[in-house]
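Participant: Just work.pdb, nothing more (PDB, C-alpha atoms):
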ATOM      1  CA  MET A   1     110.497 134.442 109.924
ATOM      2  CA  ASP A   2     106.805 135.038 109.372
ATOM      3  CA  PHE A   3     106.210 132.038 107.124
ATOM      4  CA  LEU A   4     108.044 129.839 109.632
ATOM      5  CA  GLN A   5     105.716 130.899 112.436
ATOM      6  CA  HIS A   6     102.448 130.086 110.713
ATOM      7  CA  PRO A   7     101.410 126.408 110.638
ATOM      8  CA  TRP A   8     103.359 124.603 107.936
ATOM      9  CA  HIS A   9     101.657 123.175 104.860
ATOM     10  CA  TRP A  10     101.277 119.390 104.695
ATOM     11  CA  SER A  11     103.422 119.135 101.558
ATOM     12  CA  ILE A  12     106.359 120.900 103.266
ATOM     13  CA  ALA A  13     106.013 118.899 106.473
ATOM     14  CA  GLY A  14     105.547 115.611 104.611
ATOM     15  CA  THR A  15     108.610 116.231 102.456
ATOM     16  CA  LEU A  16     110.806 117.108 105.436
ATOM     17  CA  ILE A  17     109.583 114.110 107.462
ATOM     18  CA  GLY A  18     110.139 111.853 104.441
ATOM     19  CA  LEU A  19     113.694 113.162 104.006
ATOM     20  CA  THR A  20     114.484 112.160 107.584
ATOM     21  CA  VAL A  21     114.531 108.546 106.371
ATOM     22  CA  PRO A  22     117.467 108.857 103.897
ATOM     23  CA  LEU A  23     119.176 111.353 106.217
ATOM     24  CA  LEU A  24     119.326 108.813 109.067
ATOM     25  CA  TYR A  25     120.325 105.988 106.730
ATOM     26  CA  LEU A  26     123.204 107.999 105.309
ATOM     27  CA  ILE A  27     124.589 109.713 108.399
ATOM     28  CA  GLY A  28     124.794 106.542 110.442
ATOM     29  CA  ASN A  29     123.040 103.495 108.976
ATOM     30  CA  LYS A  30     119.999 104.053 111.181
ATOM     31  CA  PRO A  31     116.475 103.108 110.115
ATOM     32  CA  PHE A  32     114.090 105.875 111.163
ATOM     33  CA  GLY A  33     111.891 104.782 114.072
ATOM     34  CA  ILE A  34     110.870 106.301 117.365
ATOM     35  CA  SER A  35     108.947 103.793 119.471
ATOM     36  CA  SER A  36     112.128 101.769 120.144
ATOM     37  CA  SER A  37     113.116 104.590 122.507
ATOM     38  CA  PHE A  38     110.508 103.300 125.007
ATOM     39  CA  ARG A  39     112.225  99.926 125.042
ATOM     40  CA  HIS A  40     115.657 101.476 125.572
ATOM     41  CA  ILE A  41     114.291 103.547 128.466
ATOM     42  CA  CYS A  42     112.961 100.311 130.006
ATOM     43  CA  ALA A  43     116.279  98.524 129.488
ATOM     44  CA  ALA A  44     118.218 101.456 130.958
ATOM     45  CA  CYS A  45     115.951 102.377 133.868
ATOM     46  CA  ILE A  46     113.757  99.472 135.013
ATOM     47  CA  PRO A  47     115.503  96.453 136.559
ATOM     48  CA  SER A  48     114.042  93.309 135.015
ATOM     49  CA  LYS A  49     114.884  89.689 134.362
ATOM     50  CA  ALA A  50     112.858  89.675 131.127
ATOM     51  CA  ALA A  51     115.007  88.597 128.171
ATOM     52  CA  PHE A  52     113.355  91.316 126.097
ATOM     53  CA  PHE A  53     115.262  93.974 128.030
ATOM     54  CA  ASP A  54     118.540  92.084 128.219
ATOM     55  CA  TYR A  55     120.455  93.647 125.329
ATOM     56  CA  ASP A  56     123.081  96.322 124.813
ATOM     57  CA  TRP A  57     120.840  99.389 124.929
ATOM     58  CA  LYS A  58     123.894 101.668 124.869
ATOM     59  CA  ARG A  59     124.550 100.502 121.320
ATOM     60  CA  GLU A  60     121.063 101.765 120.452
ATOM     61  CA  SER A  61     121.424 105.036 122.357
ATOM     62  CA  TRP A  62     121.330 107.119 119.155
ATOM     63  CA  ASN A  63     117.557 106.739 119.420
ATOM     64  CA  LEU A  64     117.558 108.402 122.859
ATOM     65  CA  TYR A  65     119.644 111.318 121.567
ATOM     66  CA  PHE A  66     117.185 111.605 118.681
ATOM     67  CA  VAL A  67     114.060 111.778 120.880
ATOM     68  CA  PHE A  68     115.806 114.256 123.213
ATOM     69  CA  GLY A  69     116.271 116.385 120.091
ATOM     70  CA  ILE A  70     112.543 116.117 119.313
ATOM     71  CA  PHE A  71     111.836 117.443 122.813
ATOM     72  CA  LEU A  72     114.210 120.391 122.186
ATOM     73  CA  GLY A  73     112.616 120.961 118.779
ATOM     74  CA  GLY A  74     109.243 121.185 120.524
ATOM     75  CA  ILE A  75     110.614 123.959 122.752
ATOM     76  CA  ILE A  76     111.923 125.935 119.761
ATOM     77  CA  ALA A  77     108.744 125.454 117.729
ATOM     78  CA  SER A  78     106.550 126.712 120.550
ATOM     79  CA  THR A  79     108.691 129.696 121.571
ATOM     80  CA  VAL A  80     110.854 131.277 118.835
ATOM     81  CA  LEU A  81     108.597 129.907 116.102
ATOM     82  CA  ALA A  82     105.293 130.122 118.012
ATOM     83  CA  ASN A  83     102.180 130.610 115.905
ATOM     84  CA  PRO A  84     100.898 134.166 116.560
ATOM     85  CA  GLU A  85      97.346 133.248 115.578
ATOM     86  CA  PRO A  86      94.701 131.152 117.363
ATOM     87  CA  PHE A  87      94.499 127.467 116.463
ATOM     88  CA  LYS A  88      92.189 126.639 113.549
ATOM     89  CA  ILE A  89      90.173 123.421 113.472
ATOM     90  CA  ALA A  90      87.775 121.937 110.904
ATOM     91  CA  ALA A  91      84.231 123.133 111.656
ATOM     92  CA  SER A  92      82.749 119.654 111.588
ATOM     93  CA  THR A  93      85.320 118.234 114.049
ATOM     94  CA  HIS A  94      84.769 121.289 116.260
ATOM     95  CA  ASP A  95      81.011 120.677 116.330
ATOM     96  CA  GLN A  96      81.304 116.965 117.011
ATOM     97  CA  LEU A  97      83.865 117.459 119.794
ATOM     98  CA  SER A  98      81.813 120.277 121.381
ATOM     99  CA  LYS A  99      78.839 117.932 121.504
ATOM    100  CA  LEU A 100      81.022 115.340 123.249
ATOM    101  CA  GLY A 101      81.992 117.944 125.841
ATOM    102  CA  VAL A 102      85.363 119.388 124.769
ATOM    103  CA  THR A 103      85.463 123.063 125.770
ATOM    104  CA  GLN A 104      88.961 124.339 124.918
ATOM    105  CA  PHE A 105      89.793 124.832 121.239
ATOM    106  CA  SER A 106      92.317 127.674 121.239
ATOM    107  CA  GLN A 107      95.517 125.562 121.386
ATOM    108  CA  ILE A 108      96.778 122.450 119.592
ATOM    109  CA  GLU A 109      95.583 120.321 122.524
ATOM    110  CA  PRO A 110      92.240 120.485 124.369
ATOM    111  CA  THR A 111      93.725 121.920 127.565
ATOM    112  CA  ASP A 112      90.629 121.017 129.591
ATOM    113  CA  ILE A 113      91.748 117.384 129.204
ATOM    114  CA  PHE A 114      95.509 117.419 128.496
ATOM    115  CA  SER A 115      96.633 119.272 131.615
ATOM    116  CA  PHE A 116      97.504 118.173 135.143
ATOM    117  CA  SER A 117      94.024 119.156 136.368
ATOM    118  CA  GLY A 118      92.500 117.272 133.414
ATOM    119  CA  LEU A 119      94.583 114.222 134.300
ATOM    120  CA  LEU A 120      92.669 113.948 137.580
ATOM    121  CA  THR A 121      89.349 113.496 135.758
ATOM    122  CA  ILE A 122      88.233 110.055 134.563
ATOM    123  CA  LYS A 123      88.326 110.984 130.878
ATOM    124  CA  GLY A 124      91.684 112.729 131.269
ATOM    125  CA  PHE A 125      93.095 109.646 132.959
ATOM    126  CA  ILE A 126      91.801 107.354 130.199
ATOM    127  CA  LEU A 127      93.039 109.561 127.353
ATOM    128  CA  ILE A 128      96.475 110.237 128.836
ATOM    129  CA  VAL A 129      97.355 107.190 130.942
ATOM    130  CA  VAL A 130      95.408 104.369 129.281
ATOM    131  CA  GLY A 131      96.096 105.890 125.858
ATOM    132  CA  GLY A 132      99.806 106.187 126.620
ATOM    133  CA  PHE A 133      99.950 102.602 127.865
ATOM    134  CA  LEU A 134      98.312 101.334 124.653
ATOM    135  CA  VAL A 135     100.759 103.362 122.560
ATOM    136  CA  GLY A 136     103.707 101.752 124.364
ATOM    137  CA  PHE A 137     102.274  98.232 124.430
ATOM    138  CA  GLY A 138     100.810  98.322 120.912
ATOM    139  CA  THR A 139     103.822  99.769 119.108
ATOM    140  CA  ARG A 140     106.185  97.176 120.551
ATOM    141  CA  TYR A 141     103.733  94.330 119.910
ATOM    142  CA  ALA A 142     103.299  95.572 116.324
ATOM    143  CA  GLY A 143     107.066  96.060 115.920
ATOM    144  CA  GLY A 144     106.935  99.781 115.234
ATOM    145  CA  CYS A 145     104.857 102.939 115.095
ATOM    146  CA  THR A 146     103.851 105.469 112.481
ATOM    147  CA  SER A 147     107.495 106.301 111.799
ATOM    148  CA  GLY A 148     108.977 102.787 111.885
ATOM    149  CA  HIS A 149     106.161 101.022 110.028
ATOM    150  CA  SER A 150     104.044 103.562 108.127
ATOM    151  CA  ILE A 151     106.969 105.608 106.805
ATOM    152  CA  THR A 152     110.215 103.601 106.976
ATOM    153  CA  GLY A 153     108.623 100.152 106.598
ATOM    154  CA  ILE A 154     106.367 101.028 103.677
ATOM    155  CA  SER A 155     109.233 102.879 101.949
ATOM    156  CA  ASN A 156     111.135  99.580 102.208
ATOM    157  CA  PHE A 157     108.129  97.685 100.712
ATOM    158  CA  GLN A 158     107.504  95.593 103.845
ATOM    159  CA  VAL A 159     104.166  93.760 103.824
ATOM    160  CA  SER A 160     104.157  93.658 107.635
ATOM    161  CA  SER A 161     104.310  97.462 107.700
ATOM    162  CA  ILE A 162     101.398  97.878 105.306
ATOM    163  CA  VAL A 163      99.304  95.496 107.420
ATOM    164  CA  ALA A 164     100.338  97.294 110.624
ATOM    165  CA  THR A 165      99.444 100.699 109.149
ATOM    166  CA  VAL A 166      95.985  99.503 108.093
ATOM    167  CA  CYS A 167      95.490  98.221 111.651
ATOM    168  CA  PHE A 168      96.705 101.517 113.198
ATOM    169  CA  MET A 169      94.063 103.342 111.171
ATOM    170  CA  ALA A 170      91.321 100.758 111.852
ATOM    171  CA  GLY A 171      92.010 100.956 115.604
ATOM    172  CA  GLY A 172      91.938 104.746 115.515
ATOM    173  CA  PHE A 173      88.654 104.918 113.595
ATOM    174  CA  PHE A 174      87.074 102.421 115.975
ATOM    175  CA  VAL A 175      88.028 104.326 119.129
ATOM    176  CA  THR A 176      87.135 107.721 117.636
ATOM    177  CA  TRP A 177      83.672 106.708 116.512
ATOM    178  CA  PHE A 178      82.608 104.103 119.077
ATOM    179  CA  ILE A 179      84.658 104.488 122.254
ATOM    180  CA  LEU A 180      85.296 108.226 122.651
ATOM    181  CA  PRO A 181      81.540 108.994 122.932
ATOM    182  CA  LEU A 182      81.340 106.479 125.812
ATOM    183  CA  ILE A 183      84.431 107.913 127.541
ATOM    184  CA  PHE A 184      83.064 111.445 127.333
ATOM    185  CA  LYS A 185      79.855 110.313 129.062
ATOM    186  CA  LEU A 186      81.809 109.157 132.145
TER     187      LEU A 186
ATOM    188  CA  MET B   1     114.584  84.821 117.610
ATOM    189  CA  GLU B   2     114.719  87.810 119.897
ATOM    190  CA  ASN B   3     115.205  90.506 117.319
ATOM    191  CA  ILE B   4     112.894  89.352 114.556
ATOM    192  CA  ILE B   5     110.165  91.945 115.011
ATOM    193  CA  ILE B   6     112.327  94.536 116.741
ATOM    194  CA  GLU B   7     114.083  95.838 113.673
ATOM    195  CA  GLU B   8     112.620  99.302 113.974
ATOM    196  CA  GLY B   9     115.184 101.972 114.785
ATOM    197  CA  LYS B  10     117.966  99.393 115.097
ATOM    198  CA  ASN B  11     121.532 100.675 114.917
ATOM    199  CA  ASN B  12     123.003  98.946 111.863
ATOM    200  CA  GLN B  13     126.290 100.818 111.850
ATOM    201  CA  THR B  14     129.366  98.608 112.283
ATOM    202  CA  ALA B  15     131.553 101.464 113.456
ATOM    203  CA  GLY B  16     130.870 102.444 117.073
ATOM    204  CA  GLU B  17     129.194 105.689 118.055
ATOM    205  CA  THR B  18     130.674 108.018 120.658
ATOM    206  CA  PHE B  19     129.053 110.747 122.718
ATOM    207  CA  VAL B  20     130.193 113.295 120.141
ATOM    208  CA  SER B  21     129.096 111.285 117.096
ATOM    209  CA  ASN B  22     125.717 110.761 118.748
ATOM    210  CA  LEU B  23     125.197 114.519 119.025
ATOM    211  CA  LYS B  24     124.241 114.681 115.349
ATOM    212  CA  TYR B  25     121.113 112.678 116.157
ATOM    213  CA  ILE B  26     120.090 115.412 118.577
ATOM    214  CA  LEU B  27     120.322 117.875 115.670
ATOM    215  CA  VAL B  28     118.205 115.641 113.424
ATOM    216  CA  GLY B  29     115.747 115.304 116.316
ATOM    217  CA  VAL B  30     115.550 119.082 116.768
ATOM    218  CA  PHE B  31     114.838 119.552 113.065
ATOM    219  CA  PHE B  32     112.271 116.791 113.177
ATOM    220  CA  GLY B  33     110.614 118.080 116.369
ATOM    221  CA  ILE B  34     110.225 121.536 114.845
ATOM    222  CA  VAL B  35     108.570 120.052 111.743
ATOM    223  CA  PHE B  36     106.259 117.952 113.947
ATOM    224  CA  VAL B  37     105.065 120.838 116.070
ATOM    225  CA  LYS B  38     104.920 123.474 113.308
ATOM    226  CA  SER B  39     102.870 121.225 111.026
ATOM    227  CA  GLU B  40     100.614 120.482 114.036
ATOM    228  CA  VAL B  41     100.743 116.716 113.492
ATOM    229  CA  VAL B  42     101.318 116.545 117.258
ATOM    230  CA  SER B  43      97.839 117.987 117.814
ATOM    231  CA  TRP B  44      95.066 115.843 119.311
ATOM    232  CA  PHE B  45      92.640 117.890 117.204
ATOM    233  CA  ARG B  46      94.472 117.120 113.944
ATOM    234  CA  ILE B  47      94.339 113.403 114.773
ATOM    235  CA  GLN B  48      90.629 113.742 115.488
ATOM    236  CA  GLU B  49      90.118 115.508 112.137
ATOM    237  CA  MET B  50      91.938 112.624 110.478
ATOM    238  CA  PHE B  51      89.827 109.906 112.085
ATOM    239  CA  ARG B  52      86.640 111.900 111.431
ATOM    240  CA  LEU B  53      87.653 112.450 107.777
ATOM    241  CA  ASP B  54      87.207 116.206 108.221
ATOM    242  CA  SER B  55      90.610 117.321 106.965
ATOM    243  CA  PHE B  56      93.175 116.205 104.421
ATOM    244  CA  HIS B  57      96.093 117.600 106.442
ATOM    245  CA  MET B  58      97.298 114.412 108.197
ATOM    246  CA  TYR B  59      96.748 112.278 105.094
ATOM    247  CA  GLY B  60      98.754 114.826 103.124
ATOM    248  CA  VAL B  61     101.631 114.823 105.631
ATOM    249  CA  ILE B  62     101.873 111.032 105.995
ATOM    250  CA  GLY B  63     101.235 110.413 102.289
ATOM    251  CA  THR B  64     103.910 112.885 101.181
ATOM    252  CA  ALA B  65     106.359 111.495 103.759
ATOM    253  CA  VAL B  66     105.806 107.951 102.473
ATOM    254  CA  VAL B  67     106.297 109.006  98.842
ATOM    255  CA  VAL B  68     109.465 111.011  99.594
ATOM    256  CA  ALA B  69     110.866 108.237 101.815
ATOM    257  CA  THR B  70     110.114 105.576  99.190
ATOM    258  CA  ILE B  71     111.767 107.502  96.351
ATOM    259  CA  SER B  72     114.804 108.202  98.565
ATOM    260  CA  THR B  73     115.069 104.561  99.623
ATOM    261  CA  VAL B  74     114.807 103.322  96.033
ATOM    262  CA  ILE B  75     117.558 105.767  94.996
ATOM    263  CA  ILE B  76     119.837 104.617  97.839
ATOM    264  CA  LYS B  77     119.269 100.959  96.881
ATOM    265  CA  PHE B  78     119.638 101.513  93.126
ATOM    266  CA  PHE B  79     122.842 103.551  93.282
ATOM    267  CA  LYS B  80     124.122 101.599  96.307
ATOM    268  CA  ILE B  81     124.851 104.881  98.063
ATOM    269  CA  LYS B  82     127.068 104.353 101.097
ATOM    270  CA  THR B  83     126.792 105.944 104.527
ATOM    271  CA  LEU B  84     129.132 108.729 105.664
ATOM    272  CA  GLN B  85     131.257 106.006 107.271
ATOM    273  CA  GLY B  86     131.481 104.191 103.922
ATOM    274  CA  GLU B  87     129.232 101.301 104.953
ATOM    275  CA  ASP B  88     126.445  99.712 102.907
ATOM    276  CA  VAL B  89     123.021 100.808 104.135
ATOM    277  CA  VAL B  90     121.249  97.933 105.906
ATOM    278  CA  PHE B  91     117.543  97.592 105.163
ATOM    279  CA  SER B  92     115.467  95.664 107.656
ATOM    280  CA  LYS B  93     113.581  92.529 106.645
ATOM    281  CA  SER B  94     110.619  92.373 108.938
ATOM    282  CA  ARG B  95     108.330  89.382 108.429
ATOM    283  CA  PHE B  96     104.588  89.509 108.841
ATOM    284  CA  GLN B  97     103.381  88.349 112.263
ATOM    285  CA  LYS B  98     100.057  88.297 114.095
ATOM    286  CA  GLY B  99     101.504  91.000 116.319
ATOM    287  CA  ASN B 100     101.379  93.435 113.402
ATOM    288  CA  VAL B 101      97.587  93.086 113.519
ATOM    289  CA  ILE B 102      96.891  92.815 117.259
ATOM    290  CA  GLY B 103      99.572  95.286 118.278
ATOM    291  CA  GLY B 104      98.624  97.542 115.378
ATOM    292  CA  LEU B 105      95.015  97.705 116.541
ATOM    293  CA  LEU B 106      96.066  98.355 120.151
ATOM    294  CA  PHE B 107      98.384 101.164 119.059
ATOM    295  CA  GLY B 108      95.535 102.562 116.907
ATOM    296  CA  PHE B 109      93.314 102.652 120.015
ATOM    297  CA  GLY B 110      96.033 104.508 121.924
ATOM    298  CA  TRP B 111      96.708 106.864 119.020
ATOM    299  CA  ALA B 112      93.081 108.015 118.939
ATOM    300  CA  LEU B 113      92.973 108.408 122.750
ATOM    301  CA  THR B 114      96.207 110.342 123.312
ATOM    302  CA  GLY B 115      96.150 111.957 119.870
ATOM    303  CA  ALA B 116      99.874 111.279 119.699
ATOM    304  CA  CYS B 117     102.157 108.613 118.347
ATOM    305  CA  PRO B 118     105.553 108.202 120.029
ATOM    306  CA  GLY B 119     107.352 111.105 118.279
ATOM    307  CA  PRO B 120     104.710 113.721 119.103
ATOM    308  CA  ILE B 121     104.737 112.681 122.775
ATOM    309  CA  TYR B 122     108.328 113.970 123.050
ATOM    310  CA  GLY B 123     107.518 117.068 120.988
ATOM    311  CA  LEU B 124     104.476 117.913 123.111
ATOM    312  CA  ILE B 125     106.448 117.715 126.363
ATOM    313  CA  GLY B 126     108.771 120.352 124.886
ATOM    314  CA  SER B 127     106.037 122.552 123.475
ATOM    315  CA  GLY B 128     104.292 123.461 126.682
ATOM    316  CA  PHE B 129     102.184 120.408 127.530
ATOM    317  CA  PRO B 130     104.168 118.858 130.389
ATOM    318  CA  VAL B 131     101.317 116.467 131.241
ATOM    319  CA  PHE B 132     102.606 114.353 128.338
ATOM    320  CA  ILE B 133     105.431 113.289 130.669
ATOM    321  CA  VAL B 134     102.710 111.129 132.240
ATOM    322  CA  ALA B 135     101.755 109.760 128.797
ATOM    323  CA  LEU B 136     105.444 108.998 128.179
ATOM    324  CA  ALA B 137     105.807 107.215 131.532
ATOM    325  CA  SER B 138     102.680 105.230 130.749
ATOM    326  CA  ALA B 139     103.969 104.321 127.276
ATOM    327  CA  VAL B 140     107.247 103.127 128.799
ATOM    328  CA  LEU B 141     105.223 101.056 131.263
ATOM    329  CA  GLY B 142     103.178  99.665 128.351
ATOM    330  CA  THR B 143     106.361  98.625 126.569
ATOM    331  CA  PHE B 144     107.614  97.091 129.825
ATOM    332  CA  ALA B 145     104.363  95.113 130.156
ATOM    333  CA  TYR B 146     104.813  93.869 126.583
ATOM    334  CA  GLY B 147     108.372  92.781 127.332
ATOM    335  CA  VAL B 148     107.265  90.799 130.365
ATOM    336  CA  LEU B 149     104.244  89.218 128.642
ATOM    337  CA  LYS B 150     105.918  88.669 125.286
ATOM    338  CA  ASP B 151     106.189  84.871 125.498
ATOM    339  CA  LYS B 152     102.615  84.458 126.746
ATOM    340  CA  ILE B 153     100.814  86.322 123.950
ATOM    341  CA  PRO B 154     100.292  85.255 120.312
ATOM    342  CA  HIS B 155     102.821  86.388 117.710
TER     343      HIS B 155
END
Let me see the structure of the file written as structure tokens.

Facilitator:
Amino acid sequence: MDFLQHPWHWSIAGTLIGLTVPLLYLIGNKPFGISSSFRHICAACIPSKAAFFDYDWKRESWNLYFVFGIFLGGIIASTVLANPEPFKIAASTHDQLSKLGVTQFSQIEPTDIFSFSGLLTIKGFILIVVGGFLVGFGTRYAGGCTSGHSITGISNFQVSSIVATVCFMAGGFFVTWFILPLIFKL
Amino acid sequence: MENIIIEEGKNNQTAGETFVSNLKYILVGVFFGIVFVKSEVVSWFRIQEMFRLDSFHMYGVIGTAVVVATISTVIIKFFKIKTLQGEDVVFSKSRFQKGNVIGGLLFGFGWALTGACPGPIYGLIGSGFPVFIVALASAVLGTFAYGVLKDKIPH
């Protein structure tokens, strides 16, 4: 059990995530992708006349079962398999984030920001609510996320997925280096 | 027209799924969620390390996943391996569109802010950070906004 509780090595995690792609293909002809779940939630829960949400979401409901499983997996990973040791972060990232004003480094999330009390601050609101909105809007506009484009799409040699992945990274670098410092000054 | 860029995650199985047959996707999700949280790719700090080039971890995870997925996909195509239901595996053909760039950049912005792509959002809700329910609601709203604006923005 011990080796399962410590943080897993990138080569193990990468292999297991990569194997999810053939697993889903072979157990049910499903291309691995997660962001579509947002669209199905819209189609199932929000009444709308938009053609984009007028489709048989029940036929796509495997994706909702899948993300419910991810939620359950999160519970198991953080209880039965919880890491007994404090979270470790690269020294340089720690220094840079401390200078920006992050104070909590003991868990996988900075709990001064990603908590309900943090949500009520301006930076918490921007990181959680604005960030979440951009994730939902951007993934659908781009036609997929890290799983659908960067892993499944590239493994299928799709040019659109390579372009999308480069743009994911470019957007992330831009916000990290140029926008986060401004947000943390608010 | 409607489904050209929405290939991701599409159910390509001809045979119908039932409640019971769908349960296997919960199991795959559980496995996947455990890997996500235990490898800490759900962590805002790990995403920050990635974008600050301070750690190889995220590059290692995504890079290995791409290599393993590519080899697996090539094997399935080459040997024409069939699904459990005996069907041919359907591979999506997504064409390049401007949305890949604009949407890709917007998702990149959101990725660096929340420190989570869609999968980790679900994993984080389960692993003791319930505030990510708000991020999920906001992401659903973002997708809804896209659906409403779809015909008015460049593709």

Participant: Using only C-alpha atoms, which of A:Ala43, A:Ile162, A:Leu4, A:Val135 sits nearest chain B?

Facilitator: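 Selected residue with least distance to chain B: A:Val135.
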
Participant: I would like the residues chosen by the PyMOL selection byres ((chain B and resi 84-86) around 10) on the shown file; could you give them as a ChimeraX atom specification?

Facilitator: /A:25-29 /B:13-15,81-83,87-89

Participant: Keeping only C-alpha atoms, take the residues you just selected and write them out as a PDB file, in the coordinates of the input.

Facilitator:
ATOM      1  CA  TYR A  25     120.325 105.988 106.730  1.00  0.00           C
ATOM      2  CA  LEU A  26     123.204 107.999 105.309  1.00  0.00           C
ATOM      3  CA  ILE A  27     124.589 109.713 108.399  1.00  0.00           C
ATOM      4  CA  GLY A  28     124.794 106.542 110.442  1.00  0.00           C
ATOM      5  CA  ASN A  29     123.040 103.495 108.976  1.00  0.00           C
TER       6      ASN A  29
ATOM      7  CA  GLN B  13     126.290 100.818 111.850  1.00  0.00           C
ATOM      8  CA  THR B  14     129.366  98.608 112.283  1.00  0.00           C
ATOM      9  CA  ALA B  15     131.553 101.464 113.456  1.00  0.00           C
ATOM     10  CA  ILE B  81     124.851 104.881  98.063  1.00  0.00           C
ATOM     11  CA  LYS B  82     127.068 104.353 101.097  1.00  0.00           C
ATOM     12  CA  THR B  83     126.792 105.944 104.527  1.00  0.00           C
ATOM     13  CA  GLU B  87     129.232 101.301 104.953  1.00  0.00           C
ATOM     14  CA  ASP B  88     126.445  99.712 102.907  1.00  0.00           C
ATOM     15  CA  VAL B  89     123.021 100.808 104.135  1.00  0.00           C
TER      16      VAL B  89
END

Participant: Expressed in Å to a single decimal, how great is the separation between CA of Lys99 in chain A and CA of Ile179 in chain A?

Facilitator: 14.7 Å

Participant: What do you get, as number ranges by chain, if you spell out every residue that the PyMOL selection byres ((chain A and resi 14) around 12) selects here?

Facilitator: A: 8-13, 15-21, 147, 151; B: 32, 35-36, 38-41, 57-69

Participant: Of the candidates A:Gly118, A:Gly172, A:Pro47, A:Gly153, which shows the shortest atom-to-atom distance to chain B, using only C-alpha atoms?

Facilitator: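 Answer, going by the shortest atom-to-atom distance: A:Gly172.
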
Participant: Report, in Å to a single decimal, how far apart CA of Ile47 in chain B and CA of Met1 in chain A are.

Facilitator: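 Computing the Euclidean distance for CA of Met1 in chain A and CA of Ile47 in chain B yields 27.0 Å.
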
Participant: In Å, with one decimal, what is the gap from CA of Gly119 in chain B to CA of Gly69 in chain A?

Facilitator: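 It comes out at 10.5 Å.
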
Participant: Counting all atoms listed in the file, which residues of range 57-111 of chain A fall within 6 Å of range 121-142 of chain B, and what is the closest atom pair for each with its distance in Å at one decimal, ordered by chain and rising number, as JSON lines?

Facilitator:
{"residue": "A:Ile70", "atom": "CA", "partner": "B:Gly123", "partner_atom": "CA", "distance": 5.4}
{"residue": "A:Phe71", "atom": "CA", "partner": "B:Gly123", "partner_atom": "CA", "distance": 4.7}
{"residue": "A:Gly74", "atom": "CA", "partner": "B:Gly126", "partner_atom": "CA", "distance": 4.5}
{"residue": "A:Ile75", "atom": "CA", "partner": "B:Gly126", "partner_atom": "CA", "distance": 4.6}
{"residue": "A:Ser78", "atom": "CA", "partner": "B:Ser127", "partner_atom": "CA", "distance": 5.1}

Participant: Smallest atom-to-atom distance to Ile76 in chain B: which of A:Thr176, A:Ser161, A:Ser150, A:Ser155, using all atoms listed in the file?

Facilitator: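 Result for the nearest residue to Ile76 in chain B: A:Ser155.
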
Participant: Can you pull out every residue within 10 Å of range 83-88 of chain A, counting only C-alpha atoms, but drop anything in the same chain fewer than 6 positions away, and send it as an NGL selection string?

Facilitator: (:A and (2-7 or 77 or 94 or 105-109)) or (:B and (38 or 40 or 45-46))

Participant: Can you tell me, as a list in words, what residues are no more than 10 Å from His155 in chain B when counting all atoms listed in the file, ignoring any on the same chain fewer than 3 positions away?

Facilitator: Tyr141 and Ala142 of chain A; Ile5, Phe96, Gln97, Lys98, Gly99, Asn100, Val101, Ile102, Gly103, Lys150, Asp151 and Lys152 of chain B
